[in-house]
file run-v9.cif (mmCIF, C-alpha atoms)
data_final
loop_
_atom_site.label_atom_id
_atom_site.label_comp_id
_atom_site.auth_asym_id
_atom_site.auth_seq_id
_atom_site.Cartn_x
_atom_site.Cartn_y
_atom_site.Cartn_z
CA MET A 4 80.56 175.61 109.19
CA SER A 5 80.19 177.00 112.65
CA GLY A 6 77.60 175.15 114.71
CA LEU A 7 77.37 172.11 112.42
CA GLN A 8 76.73 168.95 114.48
CA GLU A 9 76.17 165.33 113.50
CA HIS A 10 73.38 163.38 115.19
CA HIS A 11 71.99 159.85 114.99
CA LEU A 12 68.35 158.90 115.45
CA PRO A 13 67.34 155.21 115.44
CA VAL A 14 64.29 154.66 113.23
CA GLN A 15 62.13 151.68 112.30
CA ARG A 16 62.70 150.14 108.87
CA THR A 17 60.86 147.45 106.93
CA ALA A 18 63.34 144.84 105.75
CA ARG A 19 62.70 142.37 102.94
CA PHE A 20 63.85 138.77 102.80
CA TYR A 21 63.09 135.72 100.72
CA SER A 22 63.01 132.06 101.64
CA LEU A 23 63.22 128.77 99.81
CA GLY A 24 62.40 125.38 101.25
CA PRO A 25 60.20 124.10 104.07
CA TRP A 26 59.43 125.77 107.39
CA GLN A 27 59.12 122.45 109.22
CA SER A 28 61.23 119.29 109.63
CA VAL A 29 64.35 121.24 108.73
CA SER A 30 67.81 119.65 109.03
CA GLN A 31 69.81 122.74 107.96
CA VAL A 32 69.18 126.47 107.86
CA TRP A 33 71.17 128.65 105.47
CA ILE A 34 71.22 132.44 105.68
CA VAL A 35 72.68 133.76 102.43
CA LEU A 36 73.91 137.35 102.10
CA HIS A 37 74.15 138.88 98.63
CA GLY A 38 76.95 140.98 97.20
CA HIS A 39 77.11 144.66 96.32
CA SER A 40 74.60 145.69 93.62
CA GLN A 41 72.66 142.43 93.95
CA LEU A 42 69.18 141.87 95.31
CA ALA A 43 68.35 139.00 97.63
CA ARG A 44 66.17 137.12 95.16
CA SER A 45 68.96 136.99 92.57
CA LEU A 46 71.30 135.30 95.04
CA LEU A 47 68.50 132.96 96.11
CA HIS A 48 68.19 131.77 92.50
CA GLU A 49 71.91 131.02 92.47
CA VAL A 50 71.80 128.96 95.68
CA ALA A 51 68.58 127.16 94.71
CA PRO A 52 70.46 123.81 94.32
CA LEU A 53 70.61 123.75 98.14
CA ASP A 54 66.85 123.14 98.25
CA ASN A 55 66.52 119.39 98.87
CA GLY A 56 63.28 119.47 100.84
CA GLN A 57 65.08 119.47 104.19
CA ARG A 58 66.99 122.73 104.05
CA LEU A 59 65.53 126.19 104.68
CA ILE A 60 67.36 128.93 102.78
CA VAL A 61 66.76 132.51 103.90
CA ALA A 62 68.01 135.47 101.87
CA PRO A 63 67.82 138.87 103.60
CA GLU A 64 68.19 141.98 101.49
CA ALA A 65 70.42 144.90 102.44
CA LEU A 66 68.57 148.00 103.61
CA SER A 67 70.07 150.45 101.10
CA ARG A 68 68.88 150.15 97.48
CA PHE A 69 69.88 152.20 94.46
CA TYR A 70 69.42 152.38 90.69
CA LEU A 71 72.22 150.61 88.85
CA GLU A 72 72.02 152.79 85.75
CA THR A 73 71.09 156.44 85.18
CA ASN A 74 71.31 158.08 81.76
CA SER A 75 72.46 161.58 80.94
CA GLN A 76 68.88 162.89 81.23
CA GLY A 77 68.66 161.62 84.81
CA ARG A 78 66.32 158.76 83.96
CA HIS A 79 66.81 155.55 85.89
CA SER A 80 66.76 152.09 84.38
CA HIS A 81 64.61 149.30 85.79
CA LYS A 82 67.70 147.66 87.30
CA VAL A 83 68.01 148.10 91.07
CA GLY A 84 70.65 146.77 93.43
CA ALA A 85 71.38 146.95 97.14
CA THR A 86 74.41 147.44 99.33
CA TRP A 87 75.05 146.48 102.93
CA MET A 88 77.07 149.60 103.65
CA THR A 89 79.44 152.25 102.37
CA ARG A 90 82.32 153.98 104.11
CA GLU A 91 79.98 156.89 104.96
CA ASP A 92 78.76 156.61 108.58
CA ARG A 93 80.05 153.05 108.50
CA GLU A 94 79.77 152.21 112.21
CA ALA A 95 76.08 153.10 112.28
CA GLU A 96 75.43 151.08 109.12
CA ILE A 97 77.28 148.07 110.53
CA ALA A 98 75.31 148.29 113.78
CA ASP A 99 72.06 148.50 111.81
CA TYR A 100 72.67 145.39 109.73
CA VAL A 101 74.04 143.41 112.68
CA GLY A 102 70.82 144.17 114.58
CA TYR A 103 68.75 143.34 111.49
CA LEU A 104 70.40 139.93 111.06
CA ASP A 105 70.01 139.19 114.78
CA ASP A 106 66.29 139.95 114.46
CA LEU A 107 66.04 137.76 111.38
CA VAL A 108 67.47 134.74 113.20
CA ARG A 109 65.02 135.31 116.05
CA TYR A 110 62.16 135.38 113.56
CA VAL A 111 63.32 132.16 111.88
CA GLU A 112 63.76 130.46 115.26
CA GLU A 113 60.30 131.48 116.44
CA ARG A 114 58.64 130.34 113.23
CA LEU A 115 60.45 126.98 113.23
CA GLY A 116 59.94 126.48 116.94
CA ALA A 117 63.65 125.75 117.35
CA LEU A 118 66.72 126.05 115.18
CA PRO A 119 68.47 122.88 114.03
CA ALA A 120 72.03 122.33 115.23
CA ASP A 121 73.35 123.00 111.73
CA VAL A 122 72.87 126.68 110.87
CA ARG A 123 75.16 128.37 108.38
CA VAL A 124 75.60 131.84 106.94
CA LEU A 125 77.00 132.19 103.44
CA GLY A 126 78.28 135.60 102.44
CA PHE A 127 79.04 136.20 98.78
CA SER A 128 81.39 139.07 97.86
CA GLN A 129 80.37 142.12 99.97
CA GLY A 130 78.00 139.80 101.81
CA GLY A 131 81.05 137.92 103.08
CA ALA A 132 82.37 140.95 104.93
CA THR A 133 78.84 141.50 106.25
CA ALA A 134 78.61 137.91 107.45
CA ALA A 135 82.02 138.09 109.13
CA ARG A 136 81.14 141.28 110.98
CA TRP A 137 77.84 139.78 112.09
CA GLU A 138 79.66 136.71 113.41
CA ALA A 139 82.05 139.02 115.28
CA ARG A 140 79.48 141.46 116.70
CA GLY A 141 76.06 139.84 116.63
CA GLU A 142 74.08 138.33 119.47
CA ARG A 143 72.59 135.60 117.28
CA ALA A 144 75.55 134.65 115.11
CA VAL A 145 75.51 131.09 113.75
CA PRO A 146 78.01 128.20 114.01
CA GLY A 147 78.92 127.86 110.32
CA LEU A 148 80.47 130.72 108.31
CA VAL A 149 81.07 130.43 104.56
CA LEU A 150 82.97 133.27 102.90
CA TRP A 151 82.50 132.88 99.14
CA GLY A 152 84.48 135.16 96.87
CA SER A 153 85.28 137.18 99.97
CA LEU A 154 87.73 137.52 102.83
CA PHE A 155 87.62 138.69 106.44
CA PRO A 156 87.55 142.50 106.63
CA GLU A 157 90.46 144.07 108.48
CA ASP A 158 88.35 145.10 111.49
CA VAL A 159 87.37 141.45 112.03
CA LEU A 160 90.85 140.06 111.44
CA THR A 161 92.12 141.93 114.48
CA ASP A 162 89.50 140.17 116.66
CA LEU A 163 90.04 136.57 115.53
CA GLY A 164 91.66 135.81 118.86
CA ASP A 165 88.33 136.38 120.61
CA SER A 166 87.00 133.24 122.28
CA ARG A 167 83.71 133.27 120.34
CA TRP A 168 85.60 132.24 117.18
CA ARG A 169 86.58 128.95 118.78
CA ASP A 170 82.98 127.82 118.32
CA ARG A 171 82.88 128.74 114.63
CA SER A 172 83.35 126.52 111.61
CA VAL A 173 84.80 128.60 108.74
CA THR A 174 84.84 127.67 105.03
CA LEU A 175 86.66 129.82 102.48
CA VAL A 176 85.59 129.36 98.85
CA ARG A 177 87.35 130.99 95.90
CA GLY A 178 87.03 130.65 92.16
CA GLN A 179 90.45 129.97 90.68
CA ASP A 180 90.03 132.98 88.37
CA ASP A 181 88.46 135.31 90.90
CA GLY A 182 90.22 138.61 90.36
CA LEU A 183 88.64 140.20 93.45
CA VAL A 184 90.17 137.74 95.94
CA SER A 185 93.96 137.75 95.84
CA PRO A 186 95.59 134.33 96.37
CA ASP A 187 98.34 135.99 98.38
CA LEU A 188 95.89 137.72 100.70
CA LEU A 189 93.93 134.48 101.07
CA THR A 190 97.13 132.72 102.11
CA THR A 191 97.80 135.45 104.67
CA GLN A 192 94.30 135.12 106.10
CA VAL A 193 94.59 131.33 106.32
CA ALA A 194 97.82 131.78 108.29
CA GLY A 195 95.90 134.04 110.68
CA LEU A 196 93.16 131.45 111.15
CA GLU A 197 95.77 128.80 111.91
CA ARG A 198 97.60 131.10 114.31
CA HIS A 199 94.41 131.63 116.30
CA GLY A 200 93.40 127.97 116.20
CA ILE A 201 90.18 128.59 114.24
CA ARG A 202 88.70 125.58 112.48
CA TYR A 203 88.51 126.13 108.74
CA ARG A 204 88.31 124.48 105.32
CA GLN A 205 89.21 125.77 101.88
CA ARG A 206 87.53 124.98 98.58
CA SER A 207 88.13 126.19 95.06
CA PHE A 208 86.55 125.67 91.66
CA ALA A 209 87.28 126.51 88.03
CA GLY A 210 85.70 129.90 87.50
CA GLY A 211 85.65 133.51 88.54
CA HIS A 212 83.68 135.70 90.95
CA ARG A 213 80.48 133.67 91.03
CA LEU A 214 78.67 130.81 92.75
CA ASP A 215 79.27 127.23 91.62
CA ALA A 216 76.52 124.65 92.20
CA PRO A 217 78.67 121.48 92.62
CA THR A 218 80.97 123.27 95.07
CA LEU A 219 78.01 124.71 96.96
CA LEU A 220 76.45 121.27 97.37
CA ALA A 221 79.76 119.79 98.49
CA VAL A 222 80.07 122.50 101.17
CA ALA A 223 76.48 121.89 102.31
CA GLU A 224 77.00 118.16 102.66
CA GLU A 225 80.14 118.54 104.77
CA PRO A 226 79.46 118.50 108.51
CA LEU A 227 80.44 121.49 110.59
CA ILE A 228 84.05 121.15 111.64
#

call {"tool": "encode", "arguments": {"input": "run-v9.cif", "output": "structure tokens"}}
result
Amino acid sequence: MSGLQEHHLPVQRTARFYSLGPWQSVSQVWIVLHGHSQLARSLLHEVAPLDNGQRLIVAPEALSRFYLETNSQGRHSHKVGATWMTREDREAEIADYVGYLDDLVRYVEERLGALPADVRVLGFSQGGATAARWEARGERAVPGLVLWGSLFPEDVLTDLGDSRWRDRSVTLVRGQDDGLVSPDLLTTQVAGLERHGIRYRQRSFAGGHRLDAPTLLAVAEEPLI
């Protein structure tokens, strides 16, 4: 159409997040990012084994929510999920959630008084790509990155040579039957991490595209590389 123009207008949004654990005398902080169609509280239930009285777990929720089911009459079910982004206007959506996660870390730091040395972000499924992009682009990215049932998105892979990744500790976790994370692609990504000298660990467990409590606790008890 003649005269059609696209514009962008920054607006204020109210973001929701959940927390589990104490807000004082904290030895570890975990920021956990849910997958596509999840809500933050559902992921928080799955990572609840992390709560040992000394860890603070913070679960931000993506800004875009939607009904998971709609019948032929247009009626929505009670089930609601959220997504971090779609391919539509992707750069603006990425910038929005990177800024949101930066603000979240500032809030946590101010409320705690200071962050502990051990701060980690765990991204599950779509949340893994979100976490990786935040680590690549954010001002307040954290030292420990856990990609669970997820891999680095292509736009981050091309930047792994950036010096900021030398200060990151990366853990890749995959269920042995996870059909969404190809073993061949995982091997390719590991080769890229090694090529760029990035510190990483790998863990696997018997299962599919899900969290696993024993593996989660083992990751949490390992020191940053």

call {"tool": "resolve_selection", "arguments": {"input": "run-v9.cif", "expression": "the PyMOL selection byres ((chain A and resi 215) around 10)", "output": "number ranges by chain"}}
result
A: 49-50, 52, 151, 176-178, 207-214, 216-220

call {"tool": "residues_near_point", "arguments": {"input": "run-v9.cif", "point": "(86.1, 135.3, 99.9)", "cutoff": "7 Å", "atoms": "only C-alpha atoms", "output": "list in words"}}
result
Ser128, Gly131, Leu150, Trp151, Gly152, Ser153, Leu154, Leu175, Val176, Arg177 and Val184 of chain A

call {"tool": "atom_distance", "arguments": {"input": "run-v9.cif", "atom1": "CA of Ile228 in chain A", "atom2": "CA of Ser172 in chain A"}}
result
5.4 Å

call {"tool": "atom_distance", "arguments": {"input": "run-v9.cif", "atom1": "CA of Pro226 in chain A", "atom2": "CA of Ala144 in chain A"}}
result
17.9 Å

call {"tool": "atom_distance", "arguments": {"input": "run-v9.cif", "atom1": "CA of Asp170 in chain A", "atom2": "CA of Ala221 in chain A"}}
result
21.6 Å

call {"tool": "residues_near_point", "arguments": {"input": "run-v9.cif", "point": "(77.0, 137.3, 111.4)", "cutoff": "10 Å", "atoms": "all atoms listed in the file", "output": "PyMOL selection string"}}
result
chain A and resi 34+36+100-102+104-105+123-126+130-148

call {"tool": "closest_residue", "arguments": {"input": "run-v9.cif", "among": "A:Glu94, A:Phe155, A:Gln8, A:Tyr203", "to": "Leu189 in chain A", "atoms": "all atoms listed in the file"}}
result
A:Phe155

call {"tool": "closest_residue", "arguments": {"input": "run-v9.cif", "among": "A:Tyr103, A:Trp87, A:Trp33, A:Tyr70", "to": "Gln57 in chain A", "atoms": "all atoms listed in the file"}}
result
A:Trp33

call {"tool": "resolve_selection", "arguments": {"input": "run-v9.cif", "expression": "the PyMOL selection byres ((chain A and resi 17-25) around 12)", "output": "count of residues only"}}
result
55

call {"tool": "closest_residue", "arguments": {"input": "run-v9.cif", "among": "A:His39, A:Val149, A:Asp158, A:Glu9", "to": "Asp92 in chain A", "atoms": "only C-alpha atoms"}}
result
A:Glu9

call {"tool": "closest_residue", "arguments": {"input": "run-v9.cif", "among": "A:Thr190, A:Gly116, A:Trp168, A:Ala95", "to": "His10 in chain A", "atoms": "all atoms listed in the file"}}
result
A:Ala95

call {"tool": "residues_around", "arguments": {"input": "run-v9.cif", "residues": "Gly200 in chain A", "least_positions_apart": "5", "cutoff": "10 Å", "atoms": "only C-alpha atoms", "output": "list in words"}}
result
Leu163, Gly164, Trp168, Arg169, Ala194 and Gly195 of chain A

call {"tool": "residues_around", "arguments": {"input": "run-v9.cif", "residues": "Ser80 in chain A", "least_positions_apart": "5", "cutoff": "8 Å", "atoms": "only C-alpha atoms", "output": "number ranges by chain"}}
result
A: 70-74

call {"tool": "decode", "arguments": {"input": "run-v9.cif", "residues": "range 29-47 of chain A", "atoms": "N, CA, C and O atoms", "output": "PDB file, in the first residue's frame"}}
result
ATOM      1  N   VAL A  29      22.231 -14.964  50.997  1.00  0.00           N
ATOM      2  CA  VAL A  29      22.108 -15.799  49.808  1.00  0.00           C
ATOM      3  C   VAL A  29      23.492 -16.175  49.284  1.00  0.00           C
ATOM      4  O   VAL A  29      24.354 -15.312  49.120  1.00  0.00           O
ATOM      5  N   SER A  30      23.703 -17.470  49.012  1.00  0.00           N
ATOM      6  CA  SER A  30      24.981 -17.917  48.466  1.00  0.00           C
ATOM      7  C   SER A  30      24.951 -18.033  46.948  1.00  0.00           C
ATOM      8  O   SER A  30      25.989 -17.942  46.290  1.00  0.00           O
ATOM      9  N   GLN A  31      23.755 -18.268  46.378  1.00  0.00           N
ATOM     10  CA  GLN A  31      23.584 -18.370  44.929  1.00  0.00           C
ATOM     11  C   GLN A  31      22.295 -17.681  44.535  1.00  0.00           C
ATOM     12  O   GLN A  31      21.312 -17.719  45.275  1.00  0.00           O
ATOM     13  N   VAL A  32      22.310 -17.065  43.357  1.00  0.00           N
ATOM     14  CA  VAL A  32      21.087 -16.554  42.746  1.00  0.00           C
ATOM     15  C   VAL A  32      20.908 -17.266  41.409  1.00  0.00           C
ATOM     16  O   VAL A  32      21.853 -17.348  40.612  1.00  0.00           O
ATOM     17  N   TRP A  33      19.700 -17.780  41.201  1.00  0.00           N
ATOM     18  CA  TRP A  33      19.341 -18.408  39.931  1.00  0.00           C
ATOM     19  C   TRP A  33      18.233 -17.607  39.278  1.00  0.00           C
ATOM     20  O   TRP A  33      17.222 -17.305  39.919  1.00  0.00           O
ATOM     21  N   ILE A  34      18.415 -17.259  38.020  1.00  0.00           N
ATOM     22  CA  ILE A  34      17.358 -16.649  37.217  1.00  0.00           C
ATOM     23  C   ILE A  34      16.951 -17.701  36.190  1.00  0.00           C
ATOM     24  O   ILE A  34      17.774 -18.138  35.377  1.00  0.00           O
ATOM     25  N   VAL A  35      15.707 -18.150  36.257  1.00  0.00           N
ATOM     26  CA  VAL A  35      15.273 -19.270  35.418  1.00  0.00           C
ATOM     27  C   VAL A  35      14.249 -18.770  34.403  1.00  0.00           C
ATOM     28  O   VAL A  35      13.277 -18.105  34.749  1.00  0.00           O
ATOM     29  N   LEU A  36      14.489 -19.077  33.143  1.00  0.00           N
ATOM     30  CA  LEU A  36      13.667 -18.586  32.037  1.00  0.00           C
ATOM     31  C   LEU A  36      12.888 -19.748  31.421  1.00  0.00           C
ATOM     32  O   LEU A  36      13.478 -20.725  30.954  1.00  0.00           O
ATOM     33  N   HIS A  37      11.568 -19.617  31.425  1.00  0.00           N
ATOM     34  CA  HIS A  37      10.688 -20.689  30.971  1.00  0.00           C
ATOM     35  C   HIS A  37      10.705 -20.851  29.462  1.00  0.00           C
ATOM     36  O   HIS A  37      11.184 -19.994  28.713  1.00  0.00           O
ATOM     37  N   GLY A  38      10.128 -21.961  29.006  1.00  0.00           N
ATOM     38  CA  GLY A  38      10.027 -22.239  27.591  1.00  0.00           C
ATOM     39  C   GLY A  38       8.767 -21.682  26.967  1.00  0.00           C
ATOM     40  O   GLY A  38       7.908 -21.097  27.650  1.00  0.00           O
ATOM     41  N   HIS A  39       8.642 -21.865  25.670  1.00  0.00           N
ATOM     42  CA  HIS A  39       7.465 -21.417  24.923  1.00  0.00           C
ATOM     43  C   HIS A  39       6.215 -22.115  25.452  1.00  0.00           C
ATOM     44  O   HIS A  39       6.215 -23.317  25.702  1.00  0.00           O
ATOM     45  N   SER A  40       5.149 -21.349  25.640  1.00  0.00           N
ATOM     46  CA  SER A  40       3.845 -21.823  26.116  1.00  0.00           C
ATOM     47  C   SER A  40       3.801 -22.088  27.613  1.00  0.00           C
ATOM     48  O   SER A  40       2.761 -22.476  28.128  1.00  0.00           O
ATOM     49  N   GLN A  41       4.907 -21.895  28.319  1.00  0.00           N
ATOM     50  CA  GLN A  41       4.897 -22.032  29.768  1.00  0.00           C
ATOM     51  C   GLN A  41       4.584 -20.692  30.423  1.00  0.00           C
ATOM     52  O   GLN A  41       4.628 -19.633  29.786  1.00  0.00           O
ATOM     53  N   LEU A  42       4.298 -20.730  31.717  1.00  0.00           N
ATOM     54  CA  LEU A  42       4.297 -19.553  32.557  1.00  0.00           C
ATOM     55  C   LEU A  42       5.417 -19.697  33.586  1.00  0.00           C
ATOM     56  O   LEU A  42       5.881 -20.809  33.863  1.00  0.00           O
ATOM     57  N   ALA A  43       5.828 -18.583  34.150  1.00  0.00           N
ATOM     58  CA  ALA A  43       6.979 -18.606  35.044  1.00  0.00           C
ATOM     59  C   ALA A  43       6.753 -19.496  36.256  1.00  0.00           C
ATOM     60  O   ALA A  43       7.656 -20.209  36.703  1.00  0.00           O
ATOM     61  N   ARG A  44       5.557 -19.464  36.815  1.00  0.00           N
ATOM     62  CA  ARG A  44       5.336 -20.240  38.042  1.00  0.00           C
ATOM     63  C   ARG A  44       5.433 -21.744  37.795  1.00  0.00           C
ATOM     64  O   ARG A  44       5.824 -22.501  38.691  1.00  0.00           O
ATOM     65  N   SER A  45       5.075 -22.194  36.573  1.00  0.00           N
ATOM     66  CA  SER A  45       5.181 -23.628  36.297  1.00  0.00           C
ATOM     67  C   SER A  45       6.639 -24.073  36.266  1.00  0.00           C
ATOM     68  O   SER A  45       6.983 -25.151  36.771  1.00  0.00           O
ATOM     69  N   LEU A  46       7.518 -23.258  35.685  1.00  0.00           N
ATOM     70  CA  LEU A  46       8.939 -23.597  35.697  1.00  0.00           C
ATOM     71  C   LEU A  46       9.489 -23.523  37.112  1.00  0.00           C
ATOM     72  O   LEU A  46      10.321 -24.350  37.512  1.00  0.00           O
ATOM     73  N   LEU A  47       9.023 -22.561  37.898  1.00  0.00           N
ATOM     74  CA  LEU A  47       9.508 -22.428  39.272  1.00  0.00           C
ATOM     75  C   LEU A  47       9.186 -23.683  40.078  1.00  0.00           C
ATOM     76  O   LEU A  47       9.994 -24.129  40.896  1.00  0.00           O
TER      77      LEU A  47
END
